[in-house]
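input-v8.txt follows (compact mmCIF, C-alpha atoms):
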# COMPACT_ATOMS: atom_id res chain seq x y z
CA ASP A 845 9.30 8.94 11.63
CA ILE A 846 5.73 10.16 11.28
CA GLN A 847 3.16 7.80 12.80
CA MET A 848 -0.30 7.30 11.33
CA THR A 849 -3.07 6.50 13.80
CA GLN A 850 -6.53 5.43 12.69
CA SER A 851 -9.66 5.33 14.78
CA PRO A 852 -11.68 3.40 15.50
CA SER A 853 -9.92 0.08 14.92
CA SER A 854 -13.28 -1.48 14.12
CA LEU A 855 -16.90 -0.45 13.83
CA SER A 856 -20.26 -2.01 13.25
CA ALA A 857 -23.02 0.01 11.60
CA SER A 858 -26.35 -0.53 9.91
CA VAL A 859 -26.99 -0.35 6.21
CA GLY A 860 -27.67 3.28 5.33
CA ASP A 861 -25.70 4.69 8.25
CA ARG A 862 -23.13 7.42 7.87
CA VAL A 863 -19.69 6.09 8.79
CA THR A 864 -16.63 8.17 9.63
CA ILE A 865 -13.06 6.94 10.00
CA THR A 866 -10.29 9.23 11.13
CA CYS A 867 -6.57 9.16 10.48
CA ARG A 868 -4.14 11.32 12.41
CA ALA A 869 -0.52 11.98 11.47
CA SER A 870 1.98 12.70 14.23
CA GLN A 871 3.32 15.59 12.10
CA GLY A 872 1.90 17.56 9.23
CA ILE A 873 1.82 15.82 5.86
CA SER A 874 -0.03 18.49 3.86
CA ASN A 875 -2.55 16.55 1.75
CA TYR A 876 -0.31 13.57 0.89
CA LEU A 877 -2.82 11.09 2.23
CA ALA A 878 -4.46 8.12 0.54
CA TRP A 879 -7.29 5.83 1.61
CA TYR A 880 -7.43 2.17 0.56
CA GLN A 881 -10.17 -0.40 0.86
CA GLN A 882 -9.27 -4.05 1.31
CA LYS A 883 -12.06 -6.59 1.17
CA PRO A 884 -11.47 -9.99 2.77
CA GLY A 885 -8.99 -12.01 0.73
CA LYS A 886 -8.58 -9.26 -1.85
CA VAL A 887 -5.97 -6.77 -2.98
CA PRO A 888 -6.01 -3.23 -1.54
CA LYS A 889 -7.86 -0.78 -3.74
CA LEU A 890 -7.13 2.95 -3.89
CA LEU A 891 -10.27 4.91 -3.02
CA ILE A 892 -9.03 8.44 -2.42
CA SER A 893 -5.77 10.25 -3.10
CA ALA A 894 -4.52 13.68 -2.09
CA ALA A 895 -6.84 13.46 0.93
CA SER A 896 -10.00 14.19 -1.04
CA ILE A 897 -9.74 13.11 -4.69
CA LEU A 898 -12.11 10.24 -5.39
CA GLN A 899 -10.66 7.70 -7.80
CA SER A 900 -12.48 6.88 -11.00
CA GLY A 901 -15.18 4.26 -10.49
CA VAL A 902 -15.39 4.68 -6.72
CA PRO A 903 -18.97 5.30 -5.56
CA SER A 904 -19.76 8.87 -4.62
CA ARG A 905 -20.88 7.81 -1.14
CA PHE A 906 -17.16 7.75 -0.29
CA SER A 907 -15.48 11.06 0.47
CA GLY A 908 -12.30 12.25 2.11
CA SER A 909 -11.28 15.45 3.80
CA GLY A 910 -8.52 16.98 5.86
CA SER A 911 -5.07 18.45 5.60
CA GLY A 912 -2.01 18.68 7.79
CA THR A 913 -2.47 16.14 10.56
CA ASP A 914 -6.17 15.24 10.66
CA PHE A 915 -8.01 13.37 7.95
CA THR A 916 -11.41 11.74 7.56
CA LEU A 917 -12.91 9.07 5.33
CA THR A 918 -16.70 9.19 5.23
CA ILE A 919 -19.15 6.69 3.82
CA SER A 920 -22.39 8.63 3.54
CA SER A 921 -24.70 5.62 3.37
CA LEU A 922 -23.11 2.28 4.29
CA GLN A 923 -23.81 -0.57 1.87
CA PRO A 924 -23.26 -4.32 2.36
CA GLU A 925 -20.48 -4.30 -0.25
CA ASP A 926 -18.54 -1.77 1.86
CA VAL A 927 -17.61 -4.45 4.40
CA ALA A 928 -13.83 -4.22 4.36
CA THR A 929 -10.81 -2.94 6.20
CA TYR A 930 -9.84 0.63 5.38
CA TYR A 931 -6.28 1.94 5.58
CA CYS A 932 -4.82 5.41 5.35
CA GLN A 933 -1.29 5.93 4.04
CA LYS A 934 0.97 8.96 3.97
CA TYR A 935 3.09 9.51 0.90
CA ASP A 936 4.76 12.86 1.53
CA ARG A 937 8.13 11.30 2.31
CA VAL A 938 9.63 8.00 3.44
CA PRO A 939 8.66 5.87 5.15
CA ARG A 940 5.29 5.64 3.41
CA SER A 941 3.54 4.50 6.59
CA PHE A 942 0.07 3.02 6.78
CA GLY A 943 -2.44 3.37 9.56
CA GLN A 944 -3.27 0.19 11.42
CA GLY A 945 -6.61 -0.21 9.64
CA THR A 946 -10.29 0.13 10.46
CA LYS A 947 -12.49 -2.93 10.03
CA VAL A 948 -16.04 -2.03 8.97
CA GLU A 949 -18.84 -4.52 9.51
CA ILE A 950 -22.60 -4.50 9.07
CA LYS A 951 -24.69 -4.60 12.25
CA GLU B 1164 -4.96 -2.54 -19.16
CA VAL B 1165 -2.53 -1.92 -16.32
CA GLN B 1166 -1.27 -5.17 -14.80
CA LEU B 1167 1.25 -6.02 -12.11
CA VAL B 1168 2.01 -9.66 -11.43
CA GLU B 1169 4.24 -10.91 -8.65
CA TYR B 1170 6.25 -14.13 -8.90
CA GLY B 1171 8.63 -16.06 -6.74
CA GLY B 1172 6.95 -16.55 -3.40
CA GLY B 1173 7.27 -19.78 -1.49
CA LEU B 1174 8.60 -21.52 1.59
CA VAL B 1175 12.09 -20.65 2.79
CA GLN B 1176 14.01 -21.45 5.96
CA PRO B 1177 15.04 -18.76 8.43
CA GLY B 1178 18.29 -17.19 7.31
CA GLY B 1179 17.57 -18.03 3.70
CA SER B 1180 17.05 -15.87 0.63
CA LEU B 1181 14.32 -15.39 -1.92
CA ARG B 1182 13.84 -13.10 -4.91
CA LEU B 1183 10.43 -11.82 -5.89
CA SER B 1184 9.65 -10.41 -9.31
CA CYS B 1185 6.99 -7.93 -10.31
CA ALA B 1186 6.15 -8.03 -14.01
CA ALA B 1187 4.33 -4.97 -15.34
CA SER B 1188 2.33 -4.30 -18.49
CA GLY B 1189 -0.15 -1.81 -19.86
CA PHE B 1190 1.75 1.35 -18.93
CA THR B 1191 5.13 3.03 -19.37
CA PHE B 1192 6.99 1.17 -16.64
CA SER B 1193 10.00 3.46 -16.65
CA ASP B 1194 7.88 6.47 -15.65
CA TYR B 1195 6.81 5.00 -12.32
CA TYR B 1196 8.22 4.24 -8.93
CA ILE B 1197 7.61 0.60 -7.96
CA SER B 1198 6.72 -0.08 -4.33
CA TRP B 1199 6.61 -3.24 -2.30
CA VAL B 1200 4.07 -3.60 0.51
CA ARG B 1201 3.57 -6.66 2.67
CA GLN B 1202 0.83 -8.04 4.86
CA ALA B 1203 1.49 -10.64 7.52
CA PRO B 1204 -1.32 -13.16 8.09
CA GLY B 1205 -4.25 -11.42 9.78
CA LYS B 1206 -2.33 -8.15 10.07
CA GLY B 1207 -2.32 -4.75 8.41
CA LEU B 1208 -0.38 -3.34 5.50
CA GLU B 1209 3.32 -2.58 5.94
CA TRP B 1210 5.31 -0.49 3.47
CA VAL B 1211 8.55 -2.30 2.58
CA GLY B 1212 10.21 0.13 0.19
CA PHE B 1213 10.40 1.42 -3.36
CA VAL B 1214 12.65 2.08 -6.28
CA ARG B 1215 12.35 5.47 -7.93
CA SER B 1216 12.04 5.91 -11.65
CA LYS B 1217 15.25 6.73 -13.54
CA ALA B 1218 13.98 10.28 -14.01
CA TYR B 1219 14.27 10.69 -10.25
CA GLY B 1220 17.56 8.89 -9.90
CA GLY B 1221 16.46 5.27 -9.72
CA SER B 1222 17.40 5.16 -6.05
CA THR B 1223 15.77 3.06 -3.37
CA GLU B 1224 14.23 3.57 0.05
CA TYR B 1225 13.42 0.95 2.67
CA ALA B 1226 11.51 0.47 5.87
CA ALA B 1227 13.72 0.17 8.93
CA SER B 1228 12.52 -3.41 9.47
CA VAL B 1229 14.09 -4.61 6.20
CA LYS B 1230 16.94 -2.18 5.58
CA GLY B 1231 20.21 -3.98 5.03
CA ARG B 1232 18.46 -7.29 4.30
CA PHE B 1233 16.18 -6.46 1.36
CA THR B 1234 17.16 -4.91 -1.96
CA ILE B 1235 14.79 -3.51 -4.56
CA SER B 1236 15.88 -3.15 -8.16
CA ARG B 1237 14.34 -2.65 -11.58
CA ASP B 1238 14.96 -3.55 -15.20
CA ASP B 1239 13.10 -1.04 -17.33
CA SER B 1240 14.00 -2.93 -20.53
CA LYS B 1241 11.94 -5.89 -19.24
CA SER B 1242 9.33 -3.89 -17.26
CA VAL B 1243 10.20 -5.91 -14.18
CA ALA B 1244 11.02 -4.97 -10.61
CA TYR B 1245 12.66 -7.22 -8.07
CA LEU B 1246 12.69 -7.64 -4.32
CA GLN B 1247 15.75 -9.56 -3.17
CA MET B 1248 15.22 -10.76 0.39
CA ASN B 1249 18.19 -12.05 2.38
CA SER B 1250 18.63 -13.16 6.00
CA LEU B 1251 14.93 -13.91 6.17
CA LYS B 1252 13.23 -14.10 9.54
CA THR B 1253 9.99 -15.77 10.56
CA GLU B 1254 8.46 -12.32 10.96
CA ASP B 1255 8.98 -11.69 7.24
CA THR B 1256 6.20 -14.20 6.55
CA ALA B 1257 3.59 -12.25 4.60
CA VAL B 1258 1.85 -11.68 1.31
CA TYR B 1259 4.06 -9.33 -0.70
CA TYR B 1260 2.42 -6.90 -3.10
CA CYS B 1261 4.04 -4.70 -5.69
CA SER B 1262 2.36 -1.50 -6.78
CA ARG B 1263 3.10 1.48 -8.95
CA GLU B 1264 3.41 5.04 -7.74
CA TYR B 1265 3.81 8.15 -9.86
CA TYR B 1266 5.97 10.91 -8.44
CA TYR B 1267 4.28 12.04 -5.21
CA GLU B 1268 1.03 10.29 -6.01
CA ALA B 1269 -0.65 7.35 -4.32
CA ASN B 1270 -0.23 3.70 -5.27
CA ASP B 1271 -3.01 3.30 -7.79
CA TYR B 1272 -2.50 -0.23 -9.15
CA TRP B 1273 -1.47 -3.30 -7.17
CA GLY B 1274 -0.52 -6.84 -8.05
CA GLN B 1275 -2.39 -9.81 -6.66
CA GLY B 1276 0.36 -10.59 -4.17
CA THR B 1277 2.64 -13.54 -3.56
CA LEU B 1278 2.96 -15.43 -0.28
CA VAL B 1279 6.35 -15.79 1.38
CA THR B 1280 6.54 -18.21 4.29
CA VAL B 1281 9.67 -18.27 6.42
CA SER B 1282 9.66 -21.40 8.51
CA SER B 1283 11.87 -24.33 9.43
Entire entry expressed as structure tokens:
Amino acid sequence: DIQMTQSPSSLSASVGDRVTITCRASQGISNYLAWYQQKPGKVPKLLISAASILQSGVPSRFSGSGSGTDFTLTISSLQPEDVATYYCQKYDRVPRSFGQGTKVEIK
Amino acid sequence: EVQLVEYGGGLVQPGGSLRLSCAASGFTFSDYYISWVRQAPGKGLEWVGFVRSKAYGGSTEYAASVKGRFTISRDDSKSVAYLQMNSLKTEDTAVYYCSREYYYEANDYWGQGTLVTVSS
């Protein structure tokens, strides 16, 4: 099975900082990669599909890139409401594995 | 408005069974795969499995951790999907979410989740 590895597992940054989260697949998955945001006590929310397609209503400070095995989620200017855990997920084939998550906090 | 609502969570003893339901509205249920994802307390998201839409055979896929114990099914006439969980273990304790997935697209809508606690 293909493993999904996120880094870092947690980060603390200041409001306005640029934040980058990476997700690496153990084998190529083309662009079948989604990013989800889960705020504390809430349901996961789809932010980005197909590695780089921003979902409707998601602020433009979020962006995704990558293809094959290496992917990136970037928050261009971190806001207080972005405090959450972020997960990547592959959906090229089964199992539809998730990364272990990256917890983002405000410094 | 797209809605997915899970029902049926609760407390069950190890070795017991439980059936979760996922009631959908606001979209053409039969066109979508329905996935189940779980989250143990304080842990990350774990894909459990899905049932394909009838257009793609209506077959099921499962994570290795639940294969042979869990069964996913669907009733398109009622817009409901089910997760039958047998031989439950304490490590199955989690919030269980259902979500919809179009063919080779990401899970765009999720239910609010239902808590399953496996404990004696």
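For the choices A:Lys889, A:Ala928, A:Glu949, A:Leu917, the atom-to-atom distance to chain B is smallest for A:Lys889 when using all atoms listed in the file.
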Specify as a PDB file with C-alpha atoms, in the coordinates of the input all residues of chain A found within 10 Å of chain B, counting all atoms listed in the file.
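Produced file selection.pdb, reproduced below:
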ATOM      1  CA  TYR A 876      -0.310  13.570   0.890  1.00  0.00           C
ATOM      2  CA  LEU A 877      -2.820  11.090   2.230  1.00  0.00           C
ATOM      3  CA  ALA A 878      -4.460   8.120   0.540  1.00  0.00           C
ATOM      4  CA  TRP A 879      -7.290   5.830   1.610  1.00  0.00           C
ATOM      5  CA  TYR A 880      -7.430   2.170   0.560  1.00  0.00           C
ATOM      6  CA  GLN A 882      -9.270  -4.050   1.310  1.00  0.00           C
ATOM      7  CA  LYS A 886      -8.580  -9.260  -1.850  1.00  0.00           C
ATOM      8  CA  VAL A 887      -5.970  -6.770  -2.980  1.00  0.00           C
ATOM      9  CA  PRO A 888      -6.010  -3.230  -1.540  1.00  0.00           C
ATOM     10  CA  LYS A 889      -7.860  -0.780  -3.740  1.00  0.00           C
ATOM     11  CA  LEU A 890      -7.130   2.950  -3.890  1.00  0.00           C
ATOM     12  CA  LEU A 891     -10.270   4.910  -3.020  1.00  0.00           C
ATOM     13  CA  ILE A 892      -9.030   8.440  -2.420  1.00  0.00           C
ATOM     14  CA  SER A 893      -5.770  10.250  -3.100  1.00  0.00           C
ATOM     15  CA  ALA A 894      -4.520  13.680  -2.090  1.00  0.00           C
ATOM     16  CA  GLN A 899     -10.660   7.700  -7.800  1.00  0.00           C
ATOM     17  CA  THR A 929     -10.810  -2.940   6.200  1.00  0.00           C
ATOM     18  CA  TYR A 930      -9.840   0.630   5.380  1.00  0.00           C
ATOM     19  CA  TYR A 931      -6.280   1.940   5.580  1.00  0.00           C
ATOM     20  CA  CYS A 932      -4.820   5.410   5.350  1.00  0.00           C
ATOM     21  CA  GLN A 933      -1.290   5.930   4.040  1.00  0.00           C
ATOM     22  CA  LYS A 934       0.970   8.960   3.970  1.00  0.00           C
ATOM     23  CA  TYR A 935       3.090   9.510   0.900  1.00  0.00           C
ATOM     24  CA  ASP A 936       4.760  12.860   1.530  1.00  0.00           C
ATOM     25  CA  ARG A 937       8.130  11.300   2.310  1.00  0.00           C
ATOM     26  CA  VAL A 938       9.630   8.000   3.440  1.00  0.00           C
ATOM     27  CA  PRO A 939       8.660   5.870   5.150  1.00  0.00           C
ATOM     28  CA  ARG A 940       5.290   5.640   3.410  1.00  0.00           C
ATOM     29  CA  SER A 941       3.540   4.500   6.590  1.00  0.00           C
ATOM     30  CA  PHE A 942       0.070   3.020   6.780  1.00  0.00           C
ATOM     31  CA  GLY A 943      -2.440   3.370   9.560  1.00  0.00           C
ATOM     32  CA  GLN A 944      -3.270   0.190  11.420  1.00  0.00           C
ATOM     33  CA  GLY A 945      -6.610  -0.210   9.640  1.00  0.00           C
ATOM     34  CA  THR A 946     -10.290   0.130  10.460  1.00  0.00           C
TER      35      THR A 946
END
Self-check item: Gap from CA of Asp1255 in chain B to CA of Leu1278 in chain B - Å, one decimal
Solution: 10.3 Å
Quiz item: CA of Thr918 in chain A and CA of Gln871 in chain A, how far apart in Å?
Solution: 22.1 Å
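In this structure, CA of Gly1189 in chain B sits 15.1 Å away from CA of Glu1169 in chain B.
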Quiz item: So which residues are close to (-18.4, 12.4, -1.6), meaning at most 8 Å away in the file's coordinates with only C-alpha atoms counted, and can you show them as number ranges by chain?
Solution: A: 898, 904-908, 918-920
Taking the point (-15.8, 0.4, 16.5) as given in the file, collect each protein or nucleic acid residue that comes within 10 Å of it, counting all atoms listed in the file, and present the set as a compact mmCIF listing (two decimals) with C-alpha atoms, in the frame of the given file.
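New file point_21.txt:
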# COMPACT_ATOMS: atom_id res chain seq x y z
CA SER A 851 -9.66 5.33 14.78
CA PRO A 852 -11.68 3.40 15.50
CA SER A 853 -9.92 0.08 14.92
CA SER A 854 -13.28 -1.48 14.12
CA LEU A 855 -16.90 -0.45 13.83
CA SER A 856 -20.26 -2.01 13.25
CA ALA A 857 -23.02 0.01 11.60
CA ILE A 865 -13.06 6.94 10.00
CA THR A 946 -10.29 0.13 10.46
CA LYS A 947 -12.49 -2.93 10.03
CA VAL A 948 -16.04 -2.03 8.97
CA GLU A 949 -18.84 -4.52 9.51
Self-check item: Residue contacts of Ala1244 in chain B (9 Å, all atoms listed in the file) excluding same-chain residues fewer than 3 positions away, as a list in words
Solution: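 Contacts, in chain order: Leu1183, Ser1184, Cys1185, Ala1186, Ala1187, Ile1197, Val1214, Ile1235, Ser1236, Arg1237, Asp1238, Asp1239, Lys1241 and Cys1261 of chain B.
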Quiz item: Neighbours of Gly1179 in chain B within 12 Å (only C-alpha atoms; same-chain residues fewer than 5 positions away dropped), as a list in words?
Solution: Gly1173, Leu1174, Arg1232, Phe1233, Gln1247, Met1248, Asn1249, Ser1250, Leu1251, Lys1252, Thr1253, Asp1255, Val1279, Thr1280, Val1281, Ser1282 and Ser1283 of chain B
Can you tell me which residues surround Ala1218 in chain B at a distance of at most 12 Å, considering only C-alpha atoms, apart from same-chain residues fewer than 6 positions away, and format the answer as a short mmCIF file (atom, residue, chain, number, x, y, z; two decimals) with C-alpha atoms, keeping the file's coordinate frame?
data_model
loop_
_atom_site.label_atom_id
_atom_site.label_comp_id
_atom_site.auth_asym_id
_atom_site.auth_seq_id
_atom_site.Cartn_x
_atom_site.Cartn_y
_atom_site.Cartn_z
CA PHE B 1192 6.99 1.17 -16.64
CA SER B 1193 10.00 3.46 -16.65
CA ASP B 1194 7.88 6.47 -15.65
CA TYR B 1195 6.81 5.00 -12.32
CA TYR B 1196 8.22 4.24 -8.93
CA ASP B 1239 13.10 -1.04 -17.33
CA TYR B 1265 3.81 8.15 -9.86
CA TYR B 1266 5.97 10.91 -8.44
#
Exercise. Return the single residue from A:Ala895, A:Leu922, A:Lys951, A:Gln850 that is closest to Val863 in chain A, with distances computed using only C-alpha atoms.
Key: A:Leu922
